Amino acid sequence: MCSSLTSAPYLMPLIDPRWQQIQQRDPAAEGRFLYGVRTTGIYCRPTCGARTPKPENVQYFSSAAEAELAGFRACKRCKPGLTKADAQAPHVESIAQACRHIQHAEHVPSLQALAETAGLSVSHFHRLFKAATGLTPRAYAMAHRSQRLREHLQASQSVTDAMLEAGFNSSGRFYAQSDHLLGMTPTRYQQGGRGMLIRAGIAPCSLGMLLVAASERGVCAIAMGDNAATLLHELHARFPHANVVEQDATLEQQLASVLRFIETPALGLDLPLDIQGTAFQQRVWQALRNIPRGSTISYRQLAERIGAPKAIRAVASACAANMLAMAIPCHRVVGSDGRLTGYRWGIARKQELLKREASQ
């Protein structure tokens with residue numbers, strides 16, 4: 001039954017929180033409700049760009065079927081009868097083709113060229129591409145090239161061979177981009193981070209021991225555990241040939257920020273990050289960073305959000321590969337039945353983090 005404003009029709013919309021979301025066209029309201037306008041007989045999404053109706057004329061619905069049963073017709077502007085997947089379906093193959101084009105191109109194609117090939121405007125293509133992949137076209141191209149470069153550096157004996165295999169025909173362009181793609185020079189990456197400086201700091205917190213480590217590019221690891229020795233051992237294993245400086249004083253500010261977030265999640269966590277991963281992992285991690293504090297989603301929902309509904313296991317693997325606890329909040333992903341499932345740093349810590357976020 002719809003939550004129509006049959007009693008106190010001129011007062012309820014003013015205090016109903018959904019009315020404020022309509023006024024603000026709040027994206028967080030998408031999928032939670034629809035609203036009808038009695039004077040026009042039309043129902044809309046809460047983010048519809050149409051003229052905002054008077055509150056006394058608004059009626060709320062939980063679904064398009066409910067709105068149409070009440071005699072309202074769908075808005076032609078925001079198309080509330082379509083799901084997000086329905087709206088994007090005609091362009092799925094165009095986006096997939098653009099991804100393949102990016103993967104095989106010697107140079108990163110321009111946004112204009114990709115949009116023209118897809119037969120879409122630049123802004124519409126950019127919006128659809130990001131919705132489907134979780135990344136902008138340029139970020140997708142850089143992540144894919146980074147993945148190819150890492151694979152070839154590990155398999156090739158020379159940096160030049162890896163450069164050519166990864167699709168770089170110009171050494172100038174290769175060395176100009178390699179630091180951004182790898183977070184270090186190609187030779188250093190091939191040598192397992194030899195000569196790379198990693199600063200690390202460890203401190204006790206209410207969830208055990210906390211480690212924060214940073215490269216020259218930003219924080220590259222945030223980990224929790226029961227003892228400092230294990231955390232340091234894992235860090236050395238990840239960067240076997242790097243120069244790890246323990247208990248570095250320059251990390252005090254970043255360490256303090258994470259400690260504050262653990263105790264008071266409402267403060268947020270804003271750190272310069274050195275995020276390295278495959279194109280797919282980066283799609284998952286970006287989607288994780290978009291989950292509001294205090295909210296949770298399932299692995300299936302996360303897979304759908306990045307436009308890969310069948311890749312549930314791959315999404316779970318990407319979450320497990322995350323080395324930046326809380327900065328990339330994989331603790332906000334739960335099982336399809338709402339139960340807490342695997343967490344790199346322990347289920348008990350996951351449960352406590354979610355509890356603290358929900359209470360603030």
# chains A, B, ... in the order shown; residues from 1 in each chain; ligands from 1
$ residues_around --residues "region 282-298 of chain A" --least-positions-apart "3" --cutoff "7 Å" --atoms "only C-alpha atoms" --output "PyMOL selection string"
chain A and resi 133-135+277-279+301-302+306+315+318+328-330+332-336+354+357-358
$ write_last_selection --atoms "N, CA, C and O atoms" --output "mmCIF file, in the first residue's frame"
data_model
loop_
_atom_site.group_PDB
_atom_site.id
_atom_site.type_symbol
_atom_site.label_atom_id
_atom_site.label_comp_id
_atom_site.auth_asym_id
_atom_site.auth_seq_id
_atom_site.Cartn_x
_atom_site.Cartn_y
_atom_site.Cartn_z
ATOM 1 N N THR A 133 31.680 0.753 -15.957
ATOM 2 C CA THR A 133 32.994 0.215 -15.570
ATOM 3 C C THR A 133 33.470 0.673 -14.201
ATOM 4 O O THR A 133 34.367 0.061 -13.626
ATOM 5 N N GLY A 134 32.895 1.768 -13.688
ATOM 6 C CA GLY A 134 33.363 2.314 -12.417
ATOM 7 C C GLY A 134 34.537 3.259 -12.572
ATOM 8 O O GLY A 134 35.013 3.838 -11.587
ATOM 9 N N LEU A 135 35.032 3.430 -13.808
ATOM 10 C CA LEU A 135 36.178 4.300 -14.071
ATOM 11 C C LEU A 135 35.863 5.214 -15.255
ATOM 12 O O LEU A 135 35.019 4.902 -16.090
ATOM 13 N N GLY A 277 46.665 -1.579 -8.738
ATOM 14 C CA GLY A 277 45.899 -2.792 -8.963
ATOM 15 C C GLY A 277 45.527 -2.919 -10.422
ATOM 16 O O GLY A 277 45.779 -2.021 -11.229
ATOM 17 N N THR A 278 44.908 -4.020 -10.779
ATOM 18 C CA THR A 278 44.461 -4.228 -12.148
ATOM 19 C C THR A 278 43.281 -3.314 -12.449
ATOM 20 O O THR A 278 42.696 -2.718 -11.545
ATOM 21 N N ALA A 279 42.919 -3.248 -13.727
ATOM 22 C CA ALA A 279 41.778 -2.419 -14.117
ATOM 23 C C ALA A 279 40.519 -2.871 -13.388
ATOM 24 O O ALA A 279 39.735 -2.039 -12.905
ATOM 25 N N GLN A 301 25.469 -7.099 -5.230
ATOM 26 C CA GLN A 301 25.129 -5.708 -5.534
ATOM 27 C C GLN A 301 26.358 -4.929 -6.003
ATOM 28 O O GLN A 301 26.266 -4.081 -6.892
ATOM 29 N N LEU A 302 27.500 -5.233 -5.398
ATOM 30 C CA LEU A 302 28.732 -4.566 -5.797
ATOM 31 C C LEU A 302 29.103 -4.942 -7.228
ATOM 32 O O LEU A 302 29.510 -4.088 -8.020
ATOM 33 N N ILE A 306 29.290 -2.270 -10.660
ATOM 34 C CA ILE A 306 30.399 -2.011 -11.585
ATOM 35 C C ILE A 306 30.098 -2.548 -12.978
ATOM 36 O O ILE A 306 30.978 -2.567 -13.840
ATOM 37 N N VAL A 315 34.780 -10.133 -7.788
ATOM 38 C CA VAL A 315 34.598 -8.965 -6.920
ATOM 39 C C VAL A 315 35.071 -9.288 -5.509
ATOM 40 O O VAL A 315 35.765 -8.490 -4.866
ATOM 41 N N ALA A 318 38.790 -9.251 -5.429
ATOM 42 C CA ALA A 318 39.316 -7.878 -5.437
ATOM 43 C C ALA A 318 39.230 -7.259 -4.048
ATOM 44 O O ALA A 318 40.130 -6.545 -3.619
ATOM 45 N N ILE A 328 39.866 2.128 1.632
ATOM 46 C CA ILE A 328 39.031 1.450 0.643
ATOM 47 C C ILE A 328 38.160 0.508 1.474
ATOM 48 O O ILE A 328 38.594 -0.579 1.870
ATOM 49 N N PRO A 329 36.935 0.926 1.807
ATOM 50 C CA PRO A 329 36.145 0.269 2.863
ATOM 51 C C PRO A 329 35.490 -1.045 2.464
ATOM 52 O O PRO A 329 34.266 -1.149 2.358
ATOM 53 N N CYS A 330 36.295 -2.089 2.274
ATOM 54 C CA CYS A 330 35.736 -3.394 1.929
ATOM 55 C C CYS A 330 34.969 -4.003 3.099
ATOM 56 O O CYS A 330 34.243 -4.982 2.918
ATOM 57 N N ARG A 332 32.452 -2.781 4.295
ATOM 58 C CA ARG A 332 31.034 -2.452 4.072
ATOM 59 C C ARG A 332 30.344 -3.427 3.125
ATOM 60 O O ARG A 332 29.197 -3.217 2.751
ATOM 61 N N VAL A 333 31.035 -4.498 2.740
ATOM 62 C CA VAL A 333 30.440 -5.509 1.868
ATOM 63 C C VAL A 333 30.083 -6.729 2.709
ATOM 64 O O VAL A 333 30.922 -7.241 3.455
ATOM 65 N N VAL A 334 28.841 -7.191 2.580
ATOM 66 C CA VAL A 334 28.352 -8.316 3.382
ATOM 67 C C VAL A 334 27.779 -9.390 2.452
ATOM 68 O O VAL A 334 27.667 -9.191 1.247
ATOM 69 N N GLY A 335 27.416 -10.515 3.034
ATOM 70 C CA GLY A 335 26.812 -11.589 2.256
ATOM 71 C C GLY A 335 25.418 -11.204 1.787
ATOM 72 O O GLY A 335 24.820 -10.242 2.274
ATOM 73 N N SER A 336 24.871 -11.974 0.849
ATOM 74 C CA SER A 336 23.553 -11.657 0.288
ATOM 75 C C SER A 336 22.454 -11.724 1.336
ATOM 76 O O SER A 336 21.407 -11.089 1.188
ATOM 77 N N LEU A 354 31.641 -1.593 11.441
ATOM 78 C CA LEU A 354 30.275 -1.331 10.969
ATOM 79 C C LEU A 354 29.404 -0.811 12.109
ATOM 80 O O LEU A 354 28.563 0.083 11.913
ATOM 81 N N GLU A 357 30.302 2.862 12.676
ATOM 82 C CA GLU A 357 29.817 3.723 11.595
ATOM 83 C C GLU A 357 28.305 3.921 11.701
ATOM 84 O O GLU A 357 27.797 5.011 11.466
ATOM 85 N N ALA A 358 27.580 2.840 12.032
ATOM 86 C CA ALA A 358 26.119 2.922 12.127
ATOM 87 C C ALA A 358 25.665 3.810 13.286
ATOM 88 O O ALA A 358 24.625 4.458 13.205
#
$ select_by_dssp --residues "region 197-308 of chain A" --states "strand (DSSP E or B)" --output "NGL selection string"
:A and (197-205 or 208-214 or 219-225 or 243-246 or 273 or 297-298)
$ residues_around --residues "region 68-82 of chain A" --least-positions-apart "4" --cutoff "8 Å" --atoms "only C-alpha atoms" --output "PDB file with N, CA and C atoms, in the first residue's frame"
ATOM      1  N   LEU A  34       9.564   6.582  -5.258  1.00  0.00           N
ATOM      2  CA  LEU A  34       9.150   7.428  -6.369  1.00  0.00           C
ATOM      3  C   LEU A  34       8.098   8.382  -5.835  1.00  0.00           C
ATOM      4  N   GLY A  36       4.605  10.914  -6.941  1.00  0.00           N
ATOM      5  CA  GLY A  36       3.641  11.355  -7.931  1.00  0.00           C
ATOM      6  C   GLY A  36       3.190  12.770  -7.627  1.00  0.00           C
ATOM      7  N   GLY A  41      -0.707  14.219 -12.521  1.00  0.00           N
ATOM      8  CA  GLY A  41      -0.927  12.794 -12.715  1.00  0.00           C
ATOM      9  C   GLY A  41       0.314  12.053 -13.166  1.00  0.00           C
ATOM     10  N   ILE A  42       1.492  12.657 -12.951  1.00  0.00           N
ATOM     11  CA  ILE A  42       2.768  12.073 -13.386  1.00  0.00           C
ATOM     12  C   ILE A  42       3.581  11.650 -12.168  1.00  0.00           C
ATOM     13  N   TYR A  43       4.306  10.523 -12.272  1.00  0.00           N
ATOM     14  CA  TYR A  43       5.210  10.125 -11.192  1.00  0.00           C
ATOM     15  C   TYR A  43       6.660  10.154 -11.691  1.00  0.00           C
ATOM     16  N   CYS A  44       7.569  10.467 -10.766  1.00  0.00           N
ATOM     17  CA  CYS A  44       8.978  10.723 -11.117  1.00  0.00           C
ATOM     18  C   CYS A  44       9.935  10.048 -10.149  1.00  0.00           C
ATOM     19  N   ARG A  45      11.188  10.039 -10.569  1.00  0.00           N
ATOM     20  CA  ARG A  45      12.280   9.664  -9.674  1.00  0.00           C
ATOM     21  C   ARG A  45      12.554  10.835  -8.737  1.00  0.00           C
ATOM     22  N   CYS A  48      14.566  13.655 -10.413  1.00  0.00           N
ATOM     23  CA  CYS A  48      14.072  14.206 -11.683  1.00  0.00           C
ATOM     24  C   CYS A  48      14.351  15.702 -11.785  1.00  0.00           C
ATOM     25  N   GLY A  49      14.772  16.132 -12.967  1.00  0.00           N
ATOM     26  CA  GLY A  49      15.103  17.541 -13.175  1.00  0.00           C
ATOM     27  C   GLY A  49      13.906  18.414 -13.480  1.00  0.00           C
ATOM     28  N   ALA A  50      12.705  17.838 -13.467  1.00  0.00           N
ATOM     29  CA  ALA A  50      11.500  18.637 -13.724  1.00  0.00           C
ATOM     30  C   ALA A  50      11.276  19.648 -12.606  1.00  0.00           C
ATOM     31  N   ALA A  64       7.197   1.588  -9.330  1.00  0.00           N
ATOM     32  CA  ALA A  64       6.483   2.120 -10.490  1.00  0.00           C
ATOM     33  C   ALA A  64       5.121   1.460 -10.614  1.00  0.00           C
ATOM     34  N   ASP A  86      18.059  -1.223 -17.240  1.00  0.00           N
ATOM     35  CA  ASP A  86      17.236  -1.111 -18.441  1.00  0.00           C
ATOM     36  C   ASP A  86      17.644   0.102 -19.262  1.00  0.00           C
ATOM     37  N   ALA A  87      17.861   1.221 -18.558  1.00  0.00           N
ATOM     38  CA  ALA A  87      18.187   2.468 -19.253  1.00  0.00           C
ATOM     39  C   ALA A  87      19.517   2.375 -19.989  1.00  0.00           C
TER      40      ALA A  87
END
$ closest_atom_pairs --of "region 289-353 of chain A" --to "region 196-211 of chain A" --cutoff "10 Å" --atoms "only C-alpha atoms" --output "JSON lines"
{"residue": "A:Ala325", "atom": "CA", "partner": "A:Leu211", "partner_atom": "CA", "distance": 9.9}
{"residue": "A:Trp345", "atom": "CA", "partner": "A:Leu207", "partner_atom": "CA", "distance": 9.9}
{"residue": "A:Ala348", "atom": "CA", "partner": "A:Leu207", "partner_atom": "CA", "distance": 8.9}
{"residue": "A:Arg349", "atom": "CA", "partner": "A:Leu207", "partner_atom": "CA", "distance": 6.4}
{"residue": "A:Lys350", "atom": "CA", "partner": "A:Leu207", "partner_atom": "CA", "distance": 9.8}
{"residue": "A:Glu352", "atom": "CA", "partner": "A:Leu207", "partner_atom": "CA", "distance": 8.3}
{"residue": "A:Leu353", "atom": "CA", "partner": "A:Leu207", "partner_atom": "CA", "distance": 9.0}
$ atom_distance --atom1 "CA of Ser121 (chain A)" --atom2 "CA of Gly31 (chain A)"
26.1 Å
$ closest_residue --among "A:Ile95, A:Leu232, A:Gly342, A:Leu259" --to "Gln247 (chain A)" --atoms "only C-alpha atoms"
A:Leu232
$ residues_around --residues "region 22-27 of chain A" --least-positions-apart "3" --cutoff "7 Å" --atoms "only C-alpha atoms" --output "JSON, numbers by chain"
{"A": [18, 19, 30, 46, 47, 48, 52]}
$ atom_distance --atom1 "CA of Met323 (chain A)" --atom2 "CA of Phe239 (chain A)"
12.4 Å
$ atom_distance --atom1 "CA of Arg51 (chain A)" --atom2 "CA of Arg32 (chain A)"
20.4 Å
$ closest_residue --among "A:Ser317, A:Thr117, A:Thr264, A:Thr250" --to "His101 (chain A)" --atoms "only C-alpha atoms"
A:Thr117
